[in-house]
Structures are given as C-alpha cells and as structure tokens.
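S.K.: This one is target_19.txt, compact mmCIF, C-alpha atoms.
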```txt
# COMPACT_ATOMS: atom_id res chain seq x y z
CA MET A 910 -22.88 -8.57 12.09
CA PRO A 911 -25.56 -10.11 9.82
CA LEU A 912 -24.08 -13.16 8.10
CA PHE A 913 -24.46 -11.81 4.57
CA LYS A 914 -23.96 -8.10 5.15
CA ARG A 915 -22.04 -6.58 2.24
CA ASN A 916 -19.82 -3.56 1.74
CA PRO A 917 -20.52 -0.98 -1.02
CA PHE A 918 -18.72 -3.19 -3.57
CA GLY A 919 -20.90 -6.20 -2.86
CA HIS A 920 -18.29 -8.16 -0.90
CA ILE A 921 -19.68 -10.25 1.94
CA LEU A 922 -18.09 -8.89 5.12
CA PHE A 923 -18.18 -12.23 6.95
CA LEU A 924 -16.14 -13.82 4.15
CA LYS A 925 -13.80 -10.83 3.91
CA LYS A 926 -13.16 -11.03 7.66
CA TRP A 927 -12.16 -14.70 7.44
CA LEU A 928 -9.89 -14.04 4.46
CA ILE A 929 -8.09 -11.29 6.37
CA ARG A 930 -7.82 -13.52 9.43
CA PHE A 931 -6.37 -16.39 7.41
CA PHE A 932 -3.85 -14.36 5.40
CA GLY A 933 -3.00 -12.34 8.50
CA LEU A 934 -2.03 -15.48 10.40
CA VAL A 935 -0.11 -16.88 7.44
CA SER A 936 1.84 -13.69 6.78
CA HIS A 937 2.50 -12.59 10.35
CA GLY A 938 5.86 -14.41 10.53
CA ARG A 939 7.18 -12.42 7.58
CA TYR A 940 7.25 -9.30 9.74
CA ARG A 941 8.07 -10.86 13.10
CA ARG A 942 10.13 -14.03 12.53
CA PHE A 943 11.78 -14.31 9.11
CA ASN A 944 12.36 -10.56 9.01
CA ASP A 945 11.79 -7.76 11.48
CA LEU A 946 9.46 -4.85 10.79
CA THR A 947 10.19 -1.68 12.76
CA ILE A 948 7.27 0.73 13.02
CA GLU A 949 7.06 4.42 13.81
CA GLY A 950 3.90 6.47 14.22
CA SER A 951 1.30 3.88 15.22
CA GLU A 952 -0.32 6.47 17.51
CA ILE A 953 -1.28 8.45 14.38
CA ILE A 954 -3.42 5.55 13.14
CA ARG A 955 -5.52 5.66 16.32
CA SER A 956 -6.19 9.38 15.90
CA LEU A 957 -7.64 9.15 12.39
CA PRO A 958 -11.35 9.47 11.52
CA GLU A 959 -13.30 6.36 10.60
CA LYS A 960 -13.75 7.44 6.97
CA ASN A 961 -12.23 9.51 4.15
CA VAL A 962 -8.56 8.79 4.91
CA LEU A 963 -6.09 8.33 2.05
CA PHE A 964 -2.70 6.73 2.77
CA VAL A 965 0.01 7.57 0.23
CA SER A 966 3.19 5.51 0.17
CA ASN A 967 6.22 4.55 -1.85
CA HIS A 968 5.95 1.08 -3.37
CA GLN A 969 8.40 -1.84 -3.27
CA THR A 970 6.43 -5.07 -3.93
CA TYR A 971 2.98 -5.86 -5.28
CA PHE A 972 1.49 -7.47 -2.16
CA ALA A 973 3.90 -7.48 0.83
CA ASP A 974 3.62 -3.70 1.27
CA VAL A 975 -0.18 -3.78 1.57
CA ALA A 976 -0.14 -6.86 3.82
CA ALA A 977 2.27 -5.13 6.19
CA MET A 978 0.07 -2.02 6.31
CA LEU A 979 -3.02 -4.10 7.12
CA HIS A 980 -1.08 -5.70 9.97
CA VAL A 981 0.20 -2.37 11.28
CA PHE A 982 -3.17 -0.59 11.02
CA ASN A 983 -5.05 -3.35 12.83
CA ALA A 984 -2.38 -3.80 15.49
CA SER A 985 -2.34 -0.05 16.13
CA LEU A 986 -6.12 0.12 16.41
CA LYS A 987 -5.97 -2.65 19.03
CA GLY A 988 -3.55 -0.64 21.15
CA ARG A 989 -0.20 -2.06 20.02
CA GLU A 990 2.52 0.59 20.25
CA ASN A 991 4.74 0.29 17.16
CA THR A 992 4.70 -3.51 17.32
CA LEU A 993 2.96 -6.52 15.77
CA LYS A 994 3.45 -8.63 18.88
CA ASN A 995 0.58 -11.04 19.54
CA VAL A 996 -1.30 -11.60 16.28
CA GLY A 997 -4.63 -11.72 18.12
CA TYR A 998 -5.32 -8.22 16.80
CA ILE A 999 -6.20 -9.77 13.42
CA TRP A 1000 -9.20 -11.67 14.84
CA ASN A 1001 -11.47 -8.64 14.57
CA PRO A 1002 -9.93 -6.60 11.72
CA LYS A 1003 -11.06 -3.24 10.40
CA LEU A 1004 -13.05 -4.24 7.32
CA ASN A 1005 -13.34 -0.87 5.57
CA ILE A 1006 -9.69 -0.65 4.48
CA TYR A 1007 -9.12 -0.68 0.72
CA TYR A 1008 -6.09 -0.45 -1.53
CA ILE A 1009 -5.74 0.70 -5.12
CA ALA A 1010 -4.17 -1.83 -7.51
CA ALA A 1011 -3.85 -2.40 -11.25
CA ARG A 1012 -6.72 -4.47 -12.60
CA GLU A 1013 -4.42 -6.71 -14.65
CA THR A 1014 -2.36 -7.51 -11.55
CA MET A 1015 -5.39 -8.48 -9.49
CA LYS A 1016 -6.70 -10.77 -12.25
CA ALA A 1017 -3.39 -12.58 -12.82
CA GLY A 1018 -4.16 -15.88 -11.11
CA LEU A 1019 -6.33 -17.26 -8.31
CA LEU A 1020 -4.34 -15.84 -5.39
CA PRO A 1021 -4.49 -12.21 -6.58
CA LYS A 1022 -8.24 -12.61 -7.14
CA ILE A 1023 -8.61 -13.75 -3.53
CA PHE A 1024 -6.48 -10.81 -2.38
CA ALA A 1025 -8.72 -8.52 -4.42
CA TYR A 1026 -11.77 -9.70 -2.48
CA ALA A 1027 -10.01 -8.72 0.74
CA GLY A 1028 -10.02 -5.07 -0.26
CA SER A 1029 -8.70 -4.17 -3.71
CA ILE A 1030 -10.04 -1.27 -5.76
CA SER A 1031 -8.93 -2.45 -9.16
CA ILE A 1032 -8.24 0.28 -11.72
CA GLN A 1033 -7.22 0.31 -15.35
CA ARG A 1034 -3.75 1.82 -15.65
CA THR A 1035 -3.62 4.60 -18.20
CA TRP A 1036 0.14 4.41 -18.84
CA ARG A 1037 1.01 0.69 -18.82
CA SER A 1038 -0.61 -2.54 -19.97
CA ALA A 1039 0.79 -6.07 -20.40
CA GLY A 1040 4.32 -4.78 -19.97
CA LYS A 1041 4.01 -2.09 -22.65
CA ASP A 1042 3.61 1.67 -22.50
CA VAL A 1043 0.13 2.88 -23.45
CA ASN A 1044 -1.75 6.15 -23.39
CA ARG A 1045 -5.36 5.70 -22.31
CA GLN A 1046 -8.02 7.96 -20.90
CA VAL A 1047 -8.79 7.70 -17.20
CA LYS A 1048 -11.92 5.62 -16.56
CA MET A 1049 -14.27 7.79 -14.55
CA SER A 1050 -15.81 4.68 -13.01
CA ASP A 1051 -12.41 3.95 -11.41
CA ILE A 1052 -12.32 7.42 -9.86
CA SER A 1053 -15.89 6.99 -8.66
CA ASN A 1054 -15.04 3.64 -7.03
CA ILE A 1055 -12.19 5.28 -5.12
CA GLY A 1056 -14.68 7.89 -3.93
CA VAL A 1057 -17.04 5.13 -2.78
CA ALA A 1058 -14.21 3.50 -0.84
CA LEU A 1059 -13.19 6.79 0.81
CA ASN A 1060 -16.79 7.41 1.77
CA ASP A 1061 -16.84 3.97 3.41
CA GLY A 1062 -13.42 3.99 5.09
CA TRP A 1063 -9.66 4.13 4.46
CA VAL A 1064 -7.83 3.79 1.14
CA ILE A 1065 -4.16 2.93 0.51
CA THR A 1066 -2.55 4.12 -2.72
CA PHE A 1067 0.91 3.99 -4.23
CA PRO A 1068 0.93 7.15 -6.34
CA GLN A 1069 4.01 6.23 -8.38
CA GLY A 1070 2.09 3.30 -9.84
CA THR A 1071 5.26 1.18 -9.96
CA THR A 1072 7.71 -0.55 -7.63
CA THR A 1073 10.63 1.22 -9.36
CA PRO A 1074 12.02 3.85 -6.96
CA PHE A 1075 12.02 7.58 -7.68
CA LYS A 1076 9.60 7.39 -10.59
CA PRO A 1077 7.37 10.47 -11.02
CA LEU A 1078 4.02 10.44 -9.23
CA ARG A 1079 0.82 10.05 -11.22
CA ARG A 1080 -1.32 13.19 -11.22
CA GLY A 1081 -4.40 11.04 -10.65
CA THR A 1082 -3.62 10.97 -6.93
CA ALA A 1083 -3.76 14.77 -6.79
CA HIS A 1084 -7.07 14.65 -8.70
CA ILE A 1085 -8.49 12.26 -6.07
CA ILE A 1086 -7.29 14.53 -3.26
CA LYS A 1087 -8.78 17.70 -4.74
CA THR A 1088 -12.04 15.93 -5.59
CA TYR A 1089 -12.74 14.06 -2.33
CA LYS A 1090 -10.66 16.14 0.15
CA PRO A 1091 -9.54 13.21 2.30
CA VAL A 1092 -7.17 13.26 5.26
CA VAL A 1093 -3.87 12.39 3.55
CA VAL A 1094 -1.41 10.31 5.59
CA PRO A 1095 2.07 9.68 4.14
CA ILE A 1096 3.88 6.39 4.77
CA VAL A 1097 7.51 5.59 3.98
CA ILE A 1098 8.54 1.94 3.76
CA ASP A 1099 11.94 0.32 3.26
CA GLY A 1100 13.46 -3.16 3.18
CA PHE A 1101 10.60 -4.89 1.36
CA ARG A 1102 12.44 -4.88 -1.96
CA ARG A 1103 15.41 -6.62 -0.35
CA ALA A 1104 13.32 -9.15 1.57
CA TYR A 1105 10.82 -10.31 -1.10
CA ASP A 1106 10.49 -10.93 -4.80
CA LYS A 1107 8.74 -8.30 -6.90
CA LYS A 1108 5.29 -9.72 -6.22
CA GLY A 1109 5.99 -9.86 -2.50
CA LEU A 1110 4.89 -13.49 -2.26
CA ASN A 1111 8.25 -15.28 -1.99
CA ILE A 1112 10.83 -14.50 0.67
CA LYS A 1113 14.14 -13.66 -0.98
CA LYS A 1114 16.31 -12.97 2.03
CA ARG A 1115 15.97 -13.50 5.78
CA ASN A 1116 16.88 -11.17 8.63
CA VAL A 1117 16.24 -8.03 6.60
CA LEU A 1118 15.35 -4.97 8.64
CA GLN A 1119 12.08 -3.65 7.22
CA SER A 1120 10.70 -0.31 8.27
CA MET A 1121 7.42 1.57 8.10
CA VAL A 1122 7.17 5.21 9.14
CA ILE A 1123 3.67 6.67 9.43
CA LYS A 1124 3.78 10.46 9.27
CA GLU A 1125 1.39 13.14 10.46
CA PRO A 1126 -1.47 13.99 8.06
CA MET A 1127 -0.44 16.44 5.36
CA LYS A 1128 -1.58 20.06 5.36
CA ILE A 1129 -3.23 20.61 1.98
CA ASP A 1130 -5.16 23.58 0.65
CA TYR A 1131 -7.68 21.58 -1.36
CA GLU A 1132 -9.13 24.61 -3.13
CA ASN A 1133 -6.06 26.65 -3.99
CA GLU A 1134 -3.12 24.30 -4.42
CA SER A 1135 -2.51 23.04 -7.95
CA PHE A 1136 -2.16 19.41 -8.98
CA ASP A 1137 1.58 19.90 -9.43
CA GLU A 1138 1.96 21.45 -5.97
CA ILE A 1139 0.15 18.54 -4.35
CA VAL A 1140 2.22 16.02 -6.32
CA SER A 1141 5.45 17.74 -5.26
CA LYS A 1142 4.34 17.74 -1.61
CA ILE A 1143 3.58 14.01 -1.72
CA GLU A 1144 6.93 13.25 -3.37
CA MET A 1145 8.67 14.96 -0.47
CA GLU A 1146 6.54 13.30 2.20
CA ILE A 1147 7.05 9.75 0.88
CA GLU A 1148 10.73 10.54 0.21
CA GLN A 1149 10.59 9.95 -3.52
CA HIS A 1150 11.48 13.46 -4.64
CA PRO A 1151 14.67 13.56 -6.78
CA SER A 1152 16.35 15.64 -4.06
CA PHE A 1153 16.47 12.52 -1.86
CA LEU A 1154 18.87 10.90 -4.32
CA LYS A 1155 21.54 13.43 -3.35
CA VAL A 1156 24.58 11.89 -5.06
CA LEU A 1157 23.18 9.09 -7.19
CA SER A 1158 21.08 9.73 -10.28
CA VAL A 1159 17.91 7.70 -10.78
CA GLU A 1160 19.68 5.55 -13.37
CA GLU A 1161 22.66 4.94 -11.09
CA TYR A 1162 20.40 4.07 -8.17
CA LYS A 1163 18.42 1.58 -10.30
CA LYS A 1164 21.62 0.00 -11.62
CA GLN A 1165 22.93 -0.42 -8.08
CA GLU A 1166 19.66 -2.02 -6.97
CA ASP A 1167 19.64 -4.42 -9.95
CA GLU A 1168 23.21 -5.50 -9.25
CA LEU A 1169 22.42 -6.18 -5.60
CA ASN A 1170 19.26 -8.12 -6.44
CA ALA A 1171 21.16 -10.25 -9.00
CA LYS A 1172 23.46 -11.45 -6.22
CA ARG A 1173 20.63 -12.58 -3.98
CA LYS A 1174 19.13 -16.04 -4.22
CA PHE A 1175 15.85 -17.41 -2.94
CA TRP A 1176 16.04 -19.51 0.19
CA SER A 1177 14.04 -22.68 0.69
```
The structure in this file should be written as structure tokens.
M.R.:
Amino acid sequence: MPLFKRNPFGHILFLKKWLIRFFGLVSHGRYRRFNDLTIEGSEIIRSLPEKNVLFVSNHQTYFADVAAMLHVFNASLKGRENTLKNVGYIWNPKLNIYYIAARETMKAGLLPKIFAYAGSISIQRTWRSAGKDVNRQVKMSDISNIGVALNDGWVITFPQGTTTPFKPLRRGTAHIIKTYKPVVVPIVIDGFRRAYDKKGLNIKKRNVLQSMVIKEPMKIDYENESFDEIVSKIEMEIEQHPSFLKVLSVEEYKKQEDELNAKRKFWS
C-alpha cells in the first residue's frame, strides 16, 4: 500500500490502519476478558461481496457497538468461527468499513474525532440536536456520502438513530436502501447497555454476557416495496418491532431498564 494512499473521504489509509490496530488492541479485552461476547453467524460475513453491503442493527451504546462489530467482522474475515480468540486478526484490518453517526456526537471531544477518522460517516440528524427535538430537512450531501461509502465498501447503520430500545426506525434508511440497492444484513446485539455507559467508553459492569447475531441478508424488492414496508421488515429483523415487547409496553420496558441501570455502579 502506498504510504499516503487515501480513501474516497481523504483519510490516509496507513494512518487509519494504525488507529484501528491500536483501538482494536485496547478494546479487545472488553469482549474477551471483562465481559464475554457470544457470536452467531460469522460465516455470513465471509460470504458477502467486497462492496455495497449495508449492516442494520439495533443500538445500545454510542461506540461499543461499532467497536464490537469491527472486531467481529475482521475476525470472521480471518477465518475465526464465532470467536474473537487471538487478536492478531486486527493487524491487517478491512479498511473500507464505515459507520453512520451523528455529526454532533463525533465532534464532541478529541476521542470521538479520532474515532471518526477510523471510519465515521458523520450526518446531521434531522430530528434531534443538542438534546432538543428539531425538524430539519435531510442534507443531500449526507445521503451522497453514504452512497460513496457503499460504493467503496461496507456501511454500518443504526436505523433507530437512538440507543433507546423500541423507538421507531427512521425512514432515511429505507431511502438509502431503495436508492443504492445494497445487500442488507441485519444484526441483533444485546448486553452492551448493561455492560457499558451510554457512550460505550466506560465499563459499568463485569461478567455481562454480550451477544451479536448476524442474520442472513434480507430479501428486498427494491423497486416495488414501499418505504414503510422496508422499515417494517427491518424492525422485525433487528427485533425492534413492537410485537417483540409482548407483555411490556415501551414505557414499561424503558422504566424497567432505568431502574436497573440506577442500581448499577461503575467499577474501578
């Protein structure tokens, strides 16, 4: 690789590789030592095309979710079978993996800015800003940047746009799917909310069983299915459809989660 070769966003790949190596080594223990990450479906990762793949997932922390996915994807591509054993897989990481994140989140401090260089596609949220509800038009440049990333490789998105469970999905994800027609791979994660703080930087509780289930690519009729039909399909695949609540209402579920989190303390 030429020393100063850049990706379509102008990031120097040599520098990006070293950032991923460093943060991969630092964070590896979170999924193998302090807590245990169980993985299902790693063989699906190895069967995917090199480009135009969109991963859709539920969301539990700002950064720990993405970090875990980068670990799992790279380990799977290096032949690991549903395990992160032997962190050597991070030495030569896949560099064309991107993730969609709120611009204000990725600019909030030095560490998020460094994380952004490692693969963030920062977008302006149309519904929330500085902790307040807003109503803004979608920036077409944001949509175009997602298209650039898909054309270059893989993109991770959290279509609910929030770490709060069972919130409605944003229609923007369906717009991306109908526009760029990517292979759509659903992922369901659990345990991250219990293990980490909201940002996913501090460990809140040890010995939490975390899980990541990678499902088969979705069957989508890009031309004929409506935005609402695609949204409903994704809600079911990432297990965030209201039907998964069964007994508890969204409000009751959130109250239960808040009460549990209030009882937990950070460990040092």
S.K.: What box, with edges along x, y and z, holds each listed atom of region 976-985 of chain A when 3 Å is added on every side, and can you state its centre and edge lengths in Å to one decimal, as lines of an AutoDock Vina configuration file?
M.R.:
```
center_x = -1.4
center_y = -3.5
center_z = 10.0
size_x = 13.3
size_y = 12.8
size_z = 18.3
```
S.K.: So that I can check the surroundings of region 1072-1078 of chain A, please list as an NGL selection string every protein, DNA and RNA residue that reaches within 9 Å of it, counting all atoms listed in the file and ignoring chain neighbours fewer than 6 positions away.
M.R.: :A and (967-971 or 1102 or 1107 or 1140-1141 or 1143-1144 or 1148-1151 or 1153-1154 or 1159 or 1162-1163)
S.K.: Write the residues of the preceding selection, restricted to C-alpha atoms, as a tab-separated table (two decimals), in the coordinates of the input.
M.R.:
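What follows is the written file again-v2.tsv:
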```
chain	number	residue	atom	x	y	z
A	967	ASN	CA	6.22	4.55	-1.85
A	968	HIS	CA	5.95	1.08	-3.37
A	969	GLN	CA	8.40	-1.84	-3.27
A	970	THR	CA	6.43	-5.07	-3.93
A	971	TYR	CA	2.98	-5.86	-5.28
A	1102	ARG	CA	12.44	-4.88	-1.96
A	1107	LYS	CA	8.74	-8.30	-6.90
A	1140	VAL	CA	2.22	16.02	-6.32
A	1141	SER	CA	5.45	17.74	-5.26
A	1143	ILE	CA	3.58	14.01	-1.72
A	1144	GLU	CA	6.93	13.25	-3.37
A	1148	GLU	CA	10.73	10.54	0.21
A	1149	GLN	CA	10.59	9.95	-3.52
A	1150	HIS	CA	11.48	13.46	-4.64
A	1151	PRO	CA	14.67	13.56	-6.78
A	1153	PHE	CA	16.47	12.52	-1.86
A	1154	LEU	CA	18.87	10.90	-4.32
A	1159	VAL	CA	17.91	7.70	-10.78
A	1162	TYR	CA	20.40	4.07	-8.17
A	1163	LYS	CA	18.42	1.58	-10.30
```
S.K.: Please provide the set of residues having any atom within 9 Å of Arg1079 (chain A), restricted to all atoms listed in the file, with same-chain residues fewer than 6 positions apart removed, written as number ranges by chain.
M.R.: A: 1068-1070, 1140
S.K.: Record the distance separating CA of Ile1123 (chain A) and CA of Pro917 (chain A), expressed in Å with one decimal.
M.R.: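 Spanning CA of Ile1123 (chain A) to CA of Pro917 (chain A) is a straight-line distance of 27.4 Å.
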S.K.: Can you list, as a VMD selection string, every protein, DNA or RNA residue that comes within 10 Å of region 934-946 of chain A when you count all atoms listed in the file, leaving out same-chain residues fewer than 3 positions away?
M.R.: chain A and resid 928 to 931 973 976 to 977 980 to 981 991 to 997 999 to 1000 1098 to 1101 1104 to 1105 1110 1112 1114 to 1121
S.K.: Would you work out the distance separating CA of Ile954 (chain A) from CA of Ile1139 (chain A), expressed in Å to one decimal?
M.R.: 22.1 Å
S.K.: CA of Ile921 (chain A) to CA of Leu957 (chain A): how many Å, to one decimal?
M.R.: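 Separation of CA of Ile921 (chain A) and CA of Leu957 (chain A): 25.1 Å.
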S.K.: Which is closer to Asp1061 (chain A) than all the others in A:Ser951, A:Ser956, A:Thr1082, A:Asn961, using only C-alpha atoms?
M.R.: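 Smallest separation from Asp1061 (chain A) among the options: A:Asn961.
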S.K.: Find the residues around Gly1062 (chain A) up to 7 Å (all atoms listed in the file counted), leave out those fewer than 2 positions away in its own chain, and share them as a PyMOL selection string.
M.R.: chain A and resi 959-962+1005-1006+1058-1060+1064
S.K.: Which residues come within 7 Å of Leu986 (chain A), counting only C-alpha atoms, excluding same-chain residues fewer than 3 positions away, as a compact mmCIF listing (two decimals) with C-alpha atoms, in the frame of the given file?
M.R.:
```txt
# COMPACT_ATOMS: atom_id res chain seq x y z
CA ILE A 954 -3.42 5.55 13.14
CA ARG A 955 -5.52 5.66 16.32
CA PHE A 982 -3.17 -0.59 11.02
CA ASN A 983 -5.05 -3.35 12.83
```
S.K.: Counting only C-alpha atoms, which residue out of A:Ile953, A:Ser1152, A:Gly919, A:Phe972 sits closest to Asp1106 (chain A)?
M.R.: A:Phe972
S.K.: Rank nothing, just name the residue among A:His1084, A:Lys925, A:Lys1164, A:Arg915 nearest to Ile1023 (chain A), using all atoms listed in the file.
M.R.: A:Lys925
